[in-house]
Every structure is written in structure tokens, then in C-alpha cells.
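> What follows is a structure written as C-alpha cells; I'll ask about it next.
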Amino acid sequence: MNHVLIVEDEESLTRALKDNLESAGYSVSVAKDGEAVFTEITKKKPALILLDLLIPKKNGFDVLKEIKANPELNLIHVIILSNLGEDSEIKRGIELGASDYFVKSQHPIQEIIEKVEEYLPVANE
Amino acid sequence: MNLRTKIILFLSIFTIAFFVIIIAYFTYPMREKFNEQVLNNIRIAAEGTETTYFAFTEGLKDNTISLSSDTYIKKLSEKIVDKKLSTKARTEAIDAFGLYLREQKMPYNKEILVIDLLDENGIVVASSRPKRIGTDERKKEATKRSHYFSKAITAGIGEAFVRSIVFEAGTTNKAMLHITTRMFSPKQDKDGQFVPVPAVLLVHFTSLHKLTELFKGSSSALTIRGFFNSFNTSEVYIVNYDRLIVTPTRSIPQIDGSEKTKISTNTVEECLNNNKEISGEYLDYRGVPVIGASMCLQDDGIVIINEMETSEAYALFNHFAQRTASIGGMLFLLIITALYFAIRRPLSEITATIELAVLQQTLDKVASVSTADIKGNITYVNDKFVEISKYSKEELIGKNHRILKSGFHPPEFYKEMWDTISSGKAWRGDIKNKAKDGTLFWADSSIVPVIDSSGKITHYVSTQFTIYDRKELEEKLKQKTSNLEEAERIAHFGSWVRNTETGEVTWSAELSRIYGYDPMLPALNFSEFTKLFTAESLTKLSIVSRESLQTGEPYEVDLEFVRPDGTRRWVTSRGEVIRDENKKVVGFRGVAIDITKTREIEKMRQDLLSLASHQLRTPLSGIKWLIETLKNGIHGTMNKEQTEYINEIYNINERMTKLVSEMLNAIRMESGMDSFKRQSVWSSHLFDAISMTMTPAAQARQISLRFNKENNVSLTTSPELLRNILESFVSNAITYSPEGKEVFVDVKEEGDTVVFSVKDSGIGIPKDEQGPIFSRFYRASNAKVFNTKSSGLGLYIAATLAEKIGAKVSFETEEGHGSTFFVRVPFAEK
């Protein structure tokens, strides 16, 4: 049950996150656009989603809204990882039900892994 | 007052005077003559009434004398007063006396009321009415003047006496006349004379109505009396000694004793007191103005009055006078009118000539006047014309007016002028003429056609005022105004003037176009104008204009507004205060430059930068995380050199990230996206927050960061922005201070501002580079050498933020000895 879904279209970021999460003991799957998210959720039943906002097909806010509106999915933790750092955007993300919000360039990757571990403690290492 | 008015005034006064004289003539001399005439007539008529009266009384006297001559009466009278006779015999005689008169005499004359026999003492001793026996008639004579017993008792034969007309109580209401005559014995003395008896016969007559009839006579009689009586208000009446009217009058037609009318008019009193006869105009017993004459018989106690009402007496005269006056007046008016019409033409000509002469004198001084025949050939010129045209009179007369033609106006201009004046209308316009010496001049010209009585144009009169100066100025001004307007149009800037005293606002055409209004319409008033702007712009405008008003310095501000068609536009507005000679503010003037296009370009640039920055962040994040992952050793450990390299790459990447981040901040500040809230904040709280953020960076460079917390100041501003500014300064100070030195943050109050300062012990800023220190991407040349990490955006962002909260940033520096940066924040927005 330690599955994390990364929603990110930037290959290099996906790679870094995936390596670090797997190294920390999580199983990881990746969705490259807003529509693939829901296929992956159905397939892998993730306990946490790392969500980028600027993604193809469907933007991250809409994806977040949909997840939180679905009673079967709304318990999944969603952490937003974005380049958008305006106060208004952070506020909107939190209001829509995101558990946390990270401006990618401002945080070391280790901080994000620690945040994931906070919400989703690794069962047995 | 012109001549015409004077003449009319004179004639009017003359007319009025004429009427006054006519009326006065009728009122005084003529009336007097008429009055004399009327009075004479009345006097004659009055004399006539007196004669009538005498004739009437003579008749009554005759009657009485004839009674006294009756032998039987004589005998009885003798007996009655014979004291030697026995009482019985006398009584018999008295009875016989009464009986005889009643039965044998009085039936022949109904006007005789009573006949008495008086003894020598005036006591009634016998009477047709025996009751009267014993009455003292002498007493009555004295009190009422009713008869002349006293005269009769000593009179001779054939003498009878009449006296006043009286009313007597008891017997009748009628007025009575009494005649007395002495009784004589039937016997004669030795001389053949009748012997008198000491008795008097007293006869009471009531026949006064007959007198009245006699007075009246016939109104158709061709006598003065008849003429007098022909008047409606004429009357004759008698007043007795008791001042009673005893004959009927028009107002008292029935005279009896029951209604006695006592009058004491002047006429009556003058007669009865002074025996004077009055004739003239006076008020009668009713108070009505009358003209009349009185006949006075003072001894008899009788006034005979002839009167008629003045109004009637003068009716004819007045009628005549009025007729004469009105006919005369009409005649006079007719003459005047005829005269007026006869002299009007010459009069108007005289007036016109005089007025024209004055007018011409005036006109000759200021205007060129000329006349021309219908072909335009000059027939007259005045001196001014000669002076202006520089031709002589001789050169001009007979020549056509086009001698002055300058060639400036197109043929249509002259055609329009000739069409106007030849149709009989006046023409006015500005003509450019050429003088003899070739100089050109403008003239404000009026040409008036002169039309004769048959409607034909006889000649033209032209009046020209030279206006070359004015015209030239007008043209220059017009040219300048037009140049300015064109310049404004090309440059997209408009100008305006606002008079704060009258509220009047003037806009140039381009200003109207910039704001999206029709330049032909009047400018918006100030309150309408302010509604064009967005709330934020309006606030900015009111702040800067208030500052300008206080400091006297011009202001400049960028403003966003909405055109009536809904499009959003931008202007740079520059303005300044206008003061009058007393330095009092009377308004504002300024220009507005349309910067919408510039703004759009700026926006595009910002959007581009924003996009670029965002897009840059993604790969930068990728690099950052990948290096971190590599360093984590997930994929195996690196040797020392590899680690050093990867750290260097990581640092470069961090700098790039910071640069991009600051660039985004700068763009955000510039575009004003950050709206902020003002709230009150203590300086010590602010310092705590800054300390928390900045201490790690300071410690990393072993720099001691100190704050002045002893002076705790409260101010109202945006704490967030102020903190950003100060952090930027502190960060800068830490960066540029050598390790181990101190950075001191101070706060103090200065007037209505709070001054924060950040002092470093750094490298200072070279003098010739201090100017653009707050500009974007600026870094002092020596700073580049010292530390290459700074993006150069820090101070620029600080300055931009300061502007937003109304604060001012500045610095003091000495190269090699460090710098102090200041931010002056107003306590609160006024």
C-alpha cells in the first residue's frame, strides 16, 4: 500500500523523484498527463499523488478537483509540486484539498521525500 | 437731444399754452362779461317783481280804502269808539260791525280773512271775528312788523299802509298781508273836510298766491321777466322780517304756516339789517350756488329775491365756451398737423444734414469712405481714403474701384460681393487691398447700396476700416494654434487647463481624442473627468496633485482610464499649479501623453519575461534534483573530484534559479500585480522577523547583525513590503561586508516619517556610479569583482516596493568605508 503516483511531464524530474522514492522504499508509477492520472489510479490504487500543475490535456487544479470530488478517491494524499509560486496559486491548491504545496526549484528533493514519508510512513524497512 | 425732438417739444408746449390761454380767457374776462349781462337781466327782472309787488299791494290798499269809505262802516266805527255812548249802544254797534262785514262785505272778497277795527291804542274793539276783540295789535306791530297801525292812526284820508307778510297763529296757516287805514266820520267839518275818528281799519289778506302768479307771469312773454322765467331753476320769492319764506318756491311749492322755512342768507340779512340790495353769485337757502338779485323793502320787512342756479345760468355760456374751445382746439391741431407735415421733410433734412455732418467728421477720422456709381467708378473719397490708398483725390475720382485690387481674392469673391450689393443688400467682409506704393493692407469693408424712391440703386457707399495689423496677427495666431494642434495630434499628447476658481476646464483637440471624446464638444468638467479613471489611478492622481499643490513642483503620473467605448488606455499625465500674481493658486495646467502603445509593449515584454522565467524554472529544477539524487549516492558514490565538480554545477544552477526567481519578482512589482494591505506595525516586531530570516546568512559569513530595538516605533504601512525592502538592504549589506564585520539596522523618527537605515562596513560605491544604483540589473563595477553572486535586482526591487508604499529610498556611501541605505516611510497615508 505504499504506492506513490507521480504526475509530471518533465522526464528529468520524474526520473529524480522516482529514483529517490524507490530508494526510500515506495513503489512508484508515473502519469504524463492529466488524463493518464485516472487510469493509473484505477490500476495501482496509489496512497499518495505528487501532482504537477502545468501538465498536458488537463491542468493539475482540475485533476485535484476531480479526485477530491470522488468519494472513493478523496482520501488519497495529494502534494502539489509546481513552478508556479504565486500566493494565490498556493492558496487555491490548499483550498481544493491538496495536503501540501512545493515550489519545485526552491526545495531540495530530500525535503519532498521527507514530506512523503510524513504522510506515508514506509511499512517496514 | 436732436433738432427734431426739440421742435416737437416746442410745438407741444406751444399747443398746451394756447389751450391754457383759451380756457383762462373763457374763465375770467368772458365769464365776467357774461356774468354782468346775466346779473343786469336778473336785476331788471327783480325790479319788475318789485313793481308787480307794489301794484299788487296798491290793489289791496284800494280794497281797504273802499271798505273804510263805506258809510255804514264809518257810522258804526264812530259809534264804537265814541266813549260818550252807552256800553249797550256800543255793543250793539260792535255786533252790527261784525255782522255787516261778515254778511255784506267779506263774501265779495274771499281773500279777506278778517277785518278788525282798532282803537287809538291799537286794541281790537270790533272785528269780523268777534273773538279777536281785545287783541293788542300795537304790540304785534312792534314785534312782527305785520302792519303800520302807528302810521295809519295819524294818516290822512285815502291813505292805506301795507307792511310785511306774516304768519299768524290761530286763524290760518296762510301767509298774510295786513293793510291799515284810518277811519273818518261820515260828517264833514266846516271846511268840508271829513273828521277823523280815532280808529283804524285793519284788513287781513290771504291772497298772496295771487302775487306768486303775478311774479310767474308768462314764460313765453317776450320780456326780460319772461326770459328769466323760462329758466328751469329761476324763481322769485319773498322773505319776511322773521326770515321766513312767505311765497312758494320750487323746492317749497306749498307755503303754509305749518312748515315754515327760515332763511338767513346774506341777501336777506343785508336787506333787513342794512337796507342793502344784493346782486351777484352766492349760495341760496339750500346751499346751492345761484346768481340772483334782491329787492329790499326794509321798512316793510320784506325782501323780494330773484334767483336762478348758476349752473343753469351759465349752461349756455359753458356750452358755448366748450364748443368754442373744442372747435378752436381742433382747428389748431389741424393747423399744427398740417404745418408739421408741411415742414417735416425739410425738418428731417435739416436734422439729417446736421447729424450726417457730425457722423462724417467722426467717420473721416477712422475710416476710408468712398462712394461709387453703379459701375463701381469712384465718385467721392474722404481724406482717410487718400491717406490709406496713397493715391491723390484726383487720381481716384472717376477711376474704377478695382484700382485697389490686390489680386489676393479669387474672382468668385468679387462676384459674390457684386451679386449682393447689386441686389440691393449691404455687403460686409474683409478685403485685401493694394495701395499705390504696392503695399498690401486688409480692410474690414462695408458696401451699402443707396436706393432712390423708385427702388433703383443710384450709387454705393463703401466704408473701410484698415485692419492689416489685426488680420496678420490673427493669421499668425491661427497658424500657430494649428501648428500646435497638429503637433499634439502627431505626438499623441493633449494639453489642458483647469481653473479651480470657476471650475472651467479647457481641453485641446488631441486631449479629447485621447480620452475618446469628440473634440468639437466642450471639455468634461473635473468631476466627470475623474470618473474616467480606475480607482487606483485616481488615488495616484489625487496624491500627486496634492503633493504638487504643497510643494509647487510639477507632477508626473501614469494613469489608466476607460474610454466611453469601454477600451482601457493609459496616459502619462504631467501637470503643474497655476498661480496668479499674488501667488494664489488659481488652477492647474498640464499635458497627457497617450502611452497605451508603450504600455502594451511593456506588458508584452513582461509577459515574455514571465513566460521565459517560468519555463526556465523547470529545467533548473530538473538539474537541481538530479544532482541531489546523484549526491545522495542512490546510484553509487563519486570520487572527490567528481563530487567537487558536481557541487560547482549545483551552485551555478542555484544562482540561475535565484536569478530567475528575482526576475519574476521584479516583473511582478513593475506590473503592480501585488496589491497590499496597510496595517499598523511596531518596528521591534519587524526587526524580529528580519532577524529570523537573515541571521543564518549573516552567521555563514561571521557577520554580526544588530538591530536598534530600544527605539520602538509604530507606523501604518504594508509590513510585508517594508520587510522585503529591509531584508533586501540587509542581504545586500551582508553580501558586501567583509567577513567578521557588523551590519546595523536602525530606526528613528524624523518629522512625519520613520527612517530605517541599514549600515554596512563594506566596499562603498564609487561616486560616478551612485546614480543608477536603484536601477534594474545594476551592479557597481567593484561589486562585480568582489562578489559575483548578486543578481543586481535586489535594490531595484526594494526601490520599486518603496514607491508602492509611498516611501523613499536613498543611501550614503564612501568608497572603502561602507554604505548606509535609508528608507523613509510616512507614518500613515494622509
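In the C-alpha cells, the first chain shown is A, the next is B, and so on; residue numbers restart at 1 for each chain, and ligands run from 1 in the order shown.
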Kindly assemble as a Markdown table a list of the chain A residues that lie within 7 Å of chain B, each paired with its nearest atom pair and their distance in Å to one decimal, using only C-alpha atoms, sorted first by chain and then by ascending residue number.


| residue | atom | partner | partner_atom | distance |
| --- | --- | --- | --- | --- |
| A:Ser12 | CA | B:Gly622 | CA | 5.4 |
| A:Leu13 | CA | B:Gly622 | CA | 4.9 |
| A:Ala16 | CA | B:Leu626 | CA | 5.3 |
| A:Asn20 | CA | B:Thr629 | CA | 6.6 |
| A:Ser23 | CA | B:Ile634 | CA | 6.8 |
| A:Asn83 | CA | B:Arg617 | CA | 6.4 |
| A:Lys104 | CA | B:Ser621 | CA | 6.0 |
| A:Ser105 | CA | B:Ser621 | CA | 4.6 |
| A:Pro108 | CA | B:Trp625 | CA | 6.6 |
| A:Ile109 | CA | B:Trp625 | CA | 5.5 |

> Emit the selected residues as a short mmCIF file (atom, residue, chain, number, x, y, z; two decimals), in the first residue's frame, including N, CA and C atoms.


data_model
loop_
_atom_site.label_atom_id
_atom_site.label_comp_id
_atom_site.auth_asym_id
_atom_site.auth_seq_id
_atom_site.Cartn_x
_atom_site.Cartn_y
_atom_site.Cartn_z
N SER A 12 13.18 14.55 -16.67
CA SER A 12 14.28 14.61 -15.71
C SER A 12 13.77 14.66 -14.28
N LEU A 13 12.67 15.40 -14.08
CA LEU A 13 12.11 15.50 -12.74
C LEU A 13 11.52 14.15 -12.30
N ALA A 16 14.29 11.79 -11.26
CA ALA A 16 14.87 12.09 -9.96
C ALA A 16 13.95 11.67 -8.82
N ASN A 20 14.54 8.49 -6.10
CA ASN A 20 14.59 8.78 -4.68
C ASN A 20 13.51 8.06 -3.90
N SER A 23 14.13 4.39 -3.77
CA SER A 23 15.24 4.18 -2.84
C SER A 23 14.73 4.25 -1.40
N ASN A 83 6.04 24.84 -10.57
CA ASN A 83 6.90 26.01 -10.75
C ASN A 83 6.15 27.30 -10.45
N LYS A 104 8.94 23.81 -6.90
CA LYS A 104 9.99 22.82 -7.17
C LYS A 104 11.42 23.36 -7.00
N SER A 105 11.67 24.50 -7.68
CA SER A 105 13.06 24.97 -7.72
C SER A 105 13.58 25.41 -6.34
N PRO A 108 15.08 21.36 -1.98
CA PRO A 108 15.87 20.18 -2.33
C PRO A 108 14.97 18.94 -2.40
N ILE A 109 15.32 18.02 -3.21
CA ILE A 109 14.47 16.85 -3.42
C ILE A 109 14.27 16.07 -2.12
#

> Excluding same-chain residues fewer than 6 positions from Val116 of chain A, what lies within 10 Å of it counting only C-alpha atoms, as a VMD selection string?

chain A and resid 4 21 24 26 48 to 50 77 to 79 100 110 122

> Can you pull out the residues contacting segment 243-251 of chain B? Cut-off 7 Å, using only C-alpha atoms, and skip same-chain residues under 6 positions away; I want them as a ChimeraX atom specification.

/B:165,175,212,235,237,260-264

> Could you please take those selected residues and save all heavy atoms as a PDB file, in the first residue's frame?


ATOM      1  N   ILE B 165     -95.215 140.570   5.284  1.00  0.00           N
ATOM      2  CA  ILE B 165     -96.091 139.414   5.149  1.00  0.00           C
ATOM      3  C   ILE B 165     -95.768 138.496   6.310  1.00  0.00           C
ATOM      4  O   ILE B 165     -94.603 138.190   6.565  1.00  0.00           O
ATOM      5  CB  ILE B 165     -95.804 138.713   3.816  1.00  0.00           C
ATOM      6  CG1 ILE B 165     -96.035 139.688   2.659  1.00  0.00           C
ATOM      7  CG2 ILE B 165     -96.647 137.463   3.656  1.00  0.00           C
ATOM      8  CD1 ILE B 165     -95.424 139.285   1.344  1.00  0.00           C
ATOM      9  N   ALA B 175     -99.903 132.708   4.730  1.00  0.00           N
ATOM     10  CA  ALA B 175     -99.203 133.964   4.984  1.00  0.00           C
ATOM     11  C   ALA B 175    -100.191 135.108   4.721  1.00  0.00           C
ATOM     12  O   ALA B 175    -101.067 134.989   3.853  1.00  0.00           O
ATOM     13  CB  ALA B 175     -98.004 134.068   4.071  1.00  0.00           C
ATOM     14  N   THR B 212     -97.785 135.468  -6.280  1.00  0.00           N
ATOM     15  CA  THR B 212     -96.892 134.481  -6.878  1.00  0.00           C
ATOM     16  C   THR B 212     -97.229 134.300  -8.344  1.00  0.00           C
ATOM     17  O   THR B 212     -96.340 134.241  -9.199  1.00  0.00           O
ATOM     18  CB  THR B 212     -97.019 133.144  -6.127  1.00  0.00           C
ATOM     19  OG1 THR B 212     -96.925 133.407  -4.741  1.00  0.00           O
ATOM     20  CG2 THR B 212     -95.949 132.171  -6.559  1.00  0.00           C
ATOM     21  N   GLU B 235     -86.458 131.520  -9.954  1.00  0.00           N
ATOM     22  CA  GLU B 235     -87.603 131.658  -9.054  1.00  0.00           C
ATOM     23  C   GLU B 235     -87.578 133.029  -8.365  1.00  0.00           C
ATOM     24  O   GLU B 235     -86.550 133.677  -8.265  1.00  0.00           O
ATOM     25  CB  GLU B 235     -87.644 130.544  -8.021  1.00  0.00           C
ATOM     26  CG  GLU B 235     -86.385 130.407  -7.192  1.00  0.00           C
ATOM     27  CD  GLU B 235     -86.433 129.141  -6.344  1.00  0.00           C
ATOM     28  OE1 GLU B 235     -87.444 128.431  -6.414  1.00  0.00           O
ATOM     29  OE2 GLU B 235     -85.469 128.891  -5.619  1.00  0.00           O
ATOM     30  N   TYR B 237     -89.109 134.795  -4.813  1.00  0.00           N
ATOM     31  CA  TYR B 237     -89.807 134.553  -3.558  1.00  0.00           C
ATOM     32  C   TYR B 237     -89.540 135.693  -2.601  1.00  0.00           C
ATOM     33  O   TYR B 237     -88.649 136.508  -2.803  1.00  0.00           O
ATOM     34  CB  TYR B 237     -89.423 133.197  -2.967  1.00  0.00           C
ATOM     35  CG  TYR B 237     -87.937 133.018  -2.701  1.00  0.00           C
ATOM     36  CD1 TYR B 237     -87.391 133.329  -1.457  1.00  0.00           C
ATOM     37  CD2 TYR B 237     -87.107 132.527  -3.707  1.00  0.00           C
ATOM     38  CE1 TYR B 237     -86.046 133.169  -1.219  1.00  0.00           C
ATOM     39  CE2 TYR B 237     -85.758 132.369  -3.467  1.00  0.00           C
ATOM     40  CZ  TYR B 237     -85.215 132.677  -2.227  1.00  0.00           C
ATOM     41  OH  TYR B 237     -83.890 132.516  -1.998  1.00  0.00           O
ATOM     42  N   LYS B 260     -92.657 126.204   8.165  1.00  0.00           N
ATOM     43  CA  LYS B 260     -92.002 127.495   7.939  1.00  0.00           C
ATOM     44  C   LYS B 260     -90.541 127.271   7.604  1.00  0.00           C
ATOM     45  O   LYS B 260     -89.845 126.467   8.232  1.00  0.00           O
ATOM     46  CB  LYS B 260     -92.112 128.364   9.200  1.00  0.00           C
ATOM     47  CG  LYS B 260     -93.521 128.861   9.427  1.00  0.00           C
ATOM     48  CD  LYS B 260     -93.655 129.459  10.816  1.00  0.00           C
ATOM     49  CE  LYS B 260     -95.125 129.708  11.133  1.00  0.00           C
ATOM     50  NZ  LYS B 260     -95.342 129.900  12.559  1.00  0.00           N
ATOM     51  N   THR B 261     -90.085 127.946   6.554  1.00  0.00           N
ATOM     52  CA  THR B 261     -88.673 127.818   6.170  1.00  0.00           C
ATOM     53  C   THR B 261     -87.976 129.116   6.477  1.00  0.00           C
ATOM     54  O   THR B 261     -88.239 130.149   5.879  1.00  0.00           O
ATOM     55  CB  THR B 261     -88.555 127.500   4.678  1.00  0.00           C
ATOM     56  OG1 THR B 261     -89.391 126.391   4.395  1.00  0.00           O
ATOM     57  CG2 THR B 261     -87.111 127.179   4.298  1.00  0.00           C
ATOM     58  N   LYS B 262     -87.095 128.998   7.456  1.00  0.00           N
ATOM     59  CA  LYS B 262     -86.382 130.196   7.878  1.00  0.00           C
ATOM     60  C   LYS B 262     -85.064 130.271   7.131  1.00  0.00           C
ATOM     61  O   LYS B 262     -84.332 129.275   7.063  1.00  0.00           O
ATOM     62  CB  LYS B 262     -86.121 130.105   9.398  1.00  0.00           C
ATOM     63  CG  LYS B 262     -85.672 131.416  10.002  1.00  0.00           C
ATOM     64  CD  LYS B 262     -85.879 131.420  11.500  1.00  0.00           C
ATOM     65  CE  LYS B 262     -85.578 132.806  12.073  1.00  0.00           C
ATOM     66  NZ  LYS B 262     -85.947 132.906  13.483  1.00  0.00           N
ATOM     67  N   ILE B 263     -84.810 131.407   6.540  1.00  0.00           N
ATOM     68  CA  ILE B 263     -83.515 131.526   5.871  1.00  0.00           C
ATOM     69  C   ILE B 263     -82.828 132.797   6.325  1.00  0.00           C
ATOM     70  O   ILE B 263     -83.477 133.795   6.617  1.00  0.00           O
ATOM     71  CB  ILE B 263     -83.637 131.510   4.328  1.00  0.00           C
ATOM     72  CG1 ILE B 263     -84.381 132.743   3.807  1.00  0.00           C
ATOM     73  CG2 ILE B 263     -84.304 130.238   3.834  1.00  0.00           C
ATOM     74  CD1 ILE B 263     -84.267 132.896   2.315  1.00  0.00           C
ATOM     75  N   SER B 264     -81.527 132.671   6.410  1.00  0.00           N
ATOM     76  CA  SER B 264     -80.802 133.877   6.812  1.00  0.00           C
ATOM     77  C   SER B 264     -79.587 134.019   5.925  1.00  0.00           C
ATOM     78  O   SER B 264     -78.467 134.097   6.389  1.00  0.00           O
ATOM     79  CB  SER B 264     -80.391 133.782   8.279  1.00  0.00           C
ATOM     80  OG  SER B 264     -79.607 132.648   8.460  1.00  0.00           O
TER      81      SER B 264
END

> If we count only C-alpha atoms and set the cut-off at 8 Å, which residues sit around Arg145 of chain B, ignoring sequence neighbours fewer than 3 positions away in its own chain? Please answer as a ChimeraX atom specification.

/B:140-142,148,163-164,241,300-301

> As a ChimeraX atom specification, please: all residues of segment 9-110 of chain A that backbone DSSP puts in strand (DSSP E).

/A:27-31,48-51,77-82,100-103

> DSSP says alpha helix (DSSP H) for which residues of chain A? Put them as an NGL selection string?

:A and (11-24 or 36-44 or 60-69 or 87-95 or 109-119)

> Would you mind reading off the distance between atom CA of Glu159 of chain B and atom CA of Asn240 of chain B, one decimal, in Å?

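Calculated distance between atom CA of Glu159 of chain B and atom CA of Asn240 of chain B is 23.1 Å.
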
> Work out how far atom CA of Asp364 of chain B is from atom CA of Thr466 of chain B, in Å to one decimal.

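One can read the atom CA of Thr466 of chain B to atom CA of Asp364 of chain B distance as 12.7 Å.
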
> I'd like to know which of A:Ile67, A:Leu17, A:Ile55, A:Val7 is closest to Gly97 of chain A, using only C-alpha atoms.

A:Ile67

> Between B:Ile421, B:Leu272, B:Ile123, B:Met295, which is the closest to Ala46 of chain B once you count only C-alpha atoms?

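Smallest separation from Ala46 of chain B among the options: B:Met295.
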
> Compare A:Lys32, A:Arg15, A:His3, A:Lys58 by their minimum atom-to-atom distance to Pro46 of chain A, counting only C-alpha atoms, and give me the closest one.

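Using only C-alpha atoms, Pro46 of chain A sits closest to A:His3.
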
> Just how far from atom CA of Ser389 of chain B is atom CA of Lys434 of chain B, in Å to one decimal?

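Atom-to-atom, atom CA of Lys434 of chain B and atom CA of Ser389 of chain B are spaced 7.5 Å apart.
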
> Which residues are near segment 713-723 of chain B? Cut-off 12 Å, only C-alpha atoms, ignore same chain within fewer than 6 positions. Put them as a compact mmCIF listing (two decimals) with C-alpha atoms, in the first residue's frame.


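Writing done, so here's selection.txt:
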# COMPACT_ATOMS: atom_id res chain seq x y z
CA MET B 669 6.45 44.52 -8.85
CA ASP B 674 0.78 42.99 -5.85
CA SER B 675 -1.88 44.87 -4.06
CA PHE B 676 -1.15 45.20 -0.40
CA LYS B 677 -2.89 45.89 2.84
CA ARG B 678 -1.90 48.61 5.26
CA GLN B 679 -1.78 47.83 8.88
CA SER B 680 -0.14 49.17 11.96
CA VAL B 681 3.15 47.56 12.92
CA TRP B 682 5.81 48.01 15.58
CA SER B 683 9.39 48.40 14.40
CA SER B 684 10.63 45.87 17.02
CA HIS B 685 8.30 43.18 15.60
CA LEU B 686 9.57 43.93 12.15
CA PHE B 687 13.16 43.60 13.30
CA ASP B 688 12.41 40.24 14.98
CA ALA B 689 11.08 38.85 11.72
CA ILE B 690 14.06 40.15 9.71
CA SER B 691 16.46 38.85 12.27
CA MET B 692 14.94 35.37 11.99
CA THR B 693 15.32 35.23 8.21
CA MET B 694 18.64 36.96 7.83
CA PHE B 729 19.06 46.04 2.19
CA VAL B 730 20.29 43.68 4.90
CA SER B 731 21.03 40.94 2.39
CA ASP B 746 18.49 51.47 12.93
CA VAL B 747 15.11 53.24 13.24
CA LYS B 748 14.24 56.81 14.18
CA GLU B 749 11.51 59.37 13.69
CA GLU B 750 12.03 62.38 11.50
CA ASP B 752 6.17 62.77 9.80
CA THR B 753 8.35 59.96 8.53
CA VAL B 754 10.02 56.95 10.08
CA VAL B 755 13.54 56.47 8.84
CA PHE B 756 15.00 52.96 8.73
CA ILE B 797 13.03 45.60 -6.26
CA ALA B 798 13.49 47.49 -2.98
CA ALA B 799 13.07 50.82 -4.74
CA THR B 800 10.00 49.60 -6.60
CA LEU B 801 8.45 48.35 -3.39
CA ALA B 802 9.24 51.61 -1.58
CA GLU B 803 7.45 53.58 -4.25
CA LYS B 804 4.41 51.40 -3.72
CA ILE B 805 4.15 52.19 -0.02
CA GLY B 806 4.96 55.87 -0.55
CA ALA B 807 8.42 55.52 0.92
CA LYS B 808 11.67 56.87 -0.43
CA VAL B 809 14.97 55.01 -0.63
CA PHE B 822 17.77 54.56 4.05
CA VAL B 823 14.09 54.01 3.63
CA ARG B 824 11.82 56.86 4.74
CA VAL B 825 8.29 55.68 5.41
CA PRO B 826 5.44 58.08 6.13
CA PHE B 827 3.74 57.31 9.47
CA ALA B 828 0.49 56.87 7.69
CA GLU B 829 -1.01 57.98 4.44
CA LYS B 830 -2.55 61.40 4.87

> Residues within 12 Å of Glu32 of chain B, please, as a PyMOL selection string. Count only C-alpha atoms; anything in the same chain fewer than 5 positions from it doesn't count.

chain B and resi 24-27+37-39+280-281+314+317

> Set the distance at 8 Å and use only C-alpha atoms: which residues neighbour Ile42 of chain B once local chain neighbours fewer than 5 positions away are removed? I'd like the list as a list in words.

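Final neighbour list, sorted by chain and number: Phe228, Gly292, Ala293, Asn306 and Glu307 of chain B.
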